[in-house]
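Contents: one structure, followed by commentary.
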Amino acid sequence: MDPHKRSVTIEARDVREVLRATGRFGTDTGNYRQMIKVARQWPDRIWAVEGAAGIGRPIAQRLLADGERVLDVPAKLAARARVFDTGQGRKTDATDAHAVVMVALRDKGLRELRADPELTVLRLLCDRRDELSRARAQTLNRLHRLFLELLPGGAPTKKSTAQYKALLATVRPRDPVGRMRRRIAAAEVADLLAVDAKLKAMKAELKVAVEASGSHLMDLDGVGPAGAARILADVGDVARFPDRNHFASWTGTAPIDASSGEQVRHRLSRAGNRRLNHVLYIAGIVQLRNDTKGRAYYRRKLAAGKTPMEAMRCLRRRLSDVVYRQLVADAARSAHTVDRAAGPGGHSGATTRSSATDPTPDIGSSDKPLPGPATPTLPAPPTTRNPSGAGTAATKRRRTRGVNVERPTGRTTLTPTSAAAPSSASRTRPLTT
């Protein structure tokens, strides 16, 4: 599915990548119900939504609320599939939907969305706090602009709202233009006070929400209620990260290998989740201001010859490991609590193979932490028969009247699109939409 604000374009294919349906539906209630009606011709179906954390979030949340299975297809992955499939980068809704469904069919590592009301509430609170923070910064910028015209040299930066209010009380212009500027500045100070009160209340609410989730992220130096809430809201299930290196790559703290020949070097990664990268940066700044292990690590990197910026990058990489370790520990603790509450009869929660109960990862050198090689996704080459029948065992196949019959394995992926799509041949086959 290629989602937009007012419409979605879908393409349905089965596990053999045979086209079953295509179409375009509006996102209003009537068209949405028609799309669901078309999709119900395939009982075992999966929806693949491009950018389910962005523009595709509204439609993905509606599908989850209706009990549908939804996969999140990253926009970059779909774009690469589109270019490699057509040989050119032309972008239309139809080609986007085709790229999304092909990625869903061939990539088995896509994240399946889960309906978690608590995380959704936490995300909404974090987004609201970020909006208030941006509004506060804009108000400060306007206030400094006015102070520059009211006071010679302007007002000093990094002052509290009360200090700005006291400074404004000393300004008494006599001309009409100056009095109007002072009046506007007084209004900006009043807005600043209101935003600060909202931020204070929001911080207390975030703290209660994080503590209610059972997370201990706020025990880490430099991670407050806002940072912990943002980490929990964006990470979701930490089990989707195989190890700390994958987590660091997702947060944008793992350097990118830029080696060539005999020259071995790494460069800064500007990819990943920039909001979590900012949270880790703030945590690093707080640790540098206090006597912490982070400051000792930072000084060791400076002594090793790294620049202050390079040392800060190393510290952020190390903090990413610490956050990942805490998330894994919290998940293991939560799973253990659920198992104990289930009683001697057992519980269908996390198993011993779940990554949530894996032992705490060992944090070693983090100067060059990169995710390992990707798991092979291509099927193994078929085993050849030995004509003589000696020395090797032939692959057993079912025979019907001398014709080899092999049943396809895997998952069927379809995206419903048109009410006139054929359905009789695919009612018993799973689909991904």
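Here, A, B, ... name the chains of the structure tokens in the order displayed, residue numbers run from 1 inside each chain, and ligands are numbered from 1 in the same displayed order.
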Query raised in the report: Leaving out range 186-202 of chain A and any residue of its chain fewer than 3 positions from it, which residues lie within 7 Å of it when counting only C-alpha atoms, given as an NGL selection string?
Result: :A and (129 or 132 or 136 or 139 or 143 or 161 or 165 or 182-183 or 205-206)
Report task. Grab the CA of Leu167 in chain A to CA of Ile184 in chain A distance for me, in Å with one decimal place. Result ->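 Rounded to one decimal, the two atoms are 14.4 Å apart.
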Query raised in the report: Got a sec to tell me which of range 18-179 of chain A DSSP assigns to strand (DSSP E), as a PyMOL selection string?
Result: chain A and resi 19-26+47-50+70-73+111-112
Requested in this report: Can you work out the spacing between CA of Glu68 in chain A and CA of Glu17 in chain A in Å, to one decimal?
Outcome: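 Spanning CA of Glu68 in chain A to CA of Glu17 in chain A is a straight-line distance of 20.9 Å.
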Query raised in the report: Which residues, written as number ranges by chain, have at least one atom at most 8 Å from Arg230 in chain A, with only C-alpha atoms counted and residues fewer than 2 positions away on the same chain left out?
Result: A: 122-123, 126, 226-228, 232-234, 275-276
Query raised in the report: So, counting only C-alpha atoms, which residue among A:Cys314, A:Gln61, A:Arg45, A:Arg240 is closest to His266 in chain A?
Result: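 When distances to His266 in chain A are compared using only C-alpha atoms, the smallest one comes from A:Cys314.
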Query raised in the report: If you measure from CA of Val38 in chain A to CA of His98 in chain A, what distance in Å do you get, rounded to one decimal?
Result: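 Distance between the two atoms: 17.9 Å.
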Requested in this report: Choose the residue, out of A:Asp116, A:Asp72, A:Glu310, A:Asp93, that has the smallest atom-to-atom separation from Ser213 in chain A; count only C-alpha atoms.
Outcome: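 Selected residue with least distance to Ser213 in chain A: A:Asp116.
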Requested in this report: For Met218 in chain A, list every protein, DNA or RNA residue within 12 Å, evaluated using only C-alpha atoms, and leave out those in the same chain fewer than 6 positions away; present the list as a list in words.
Outcome: Leu206, Lys207, Val208, Ala209, Val210, Glu211, Gly224, Pro225, Ala226, Gly227, Ala228, Ala229, Arg230, Ile231, Leu232, Ala283, Val323, Gln326, Leu327 and Asp330 of chain A
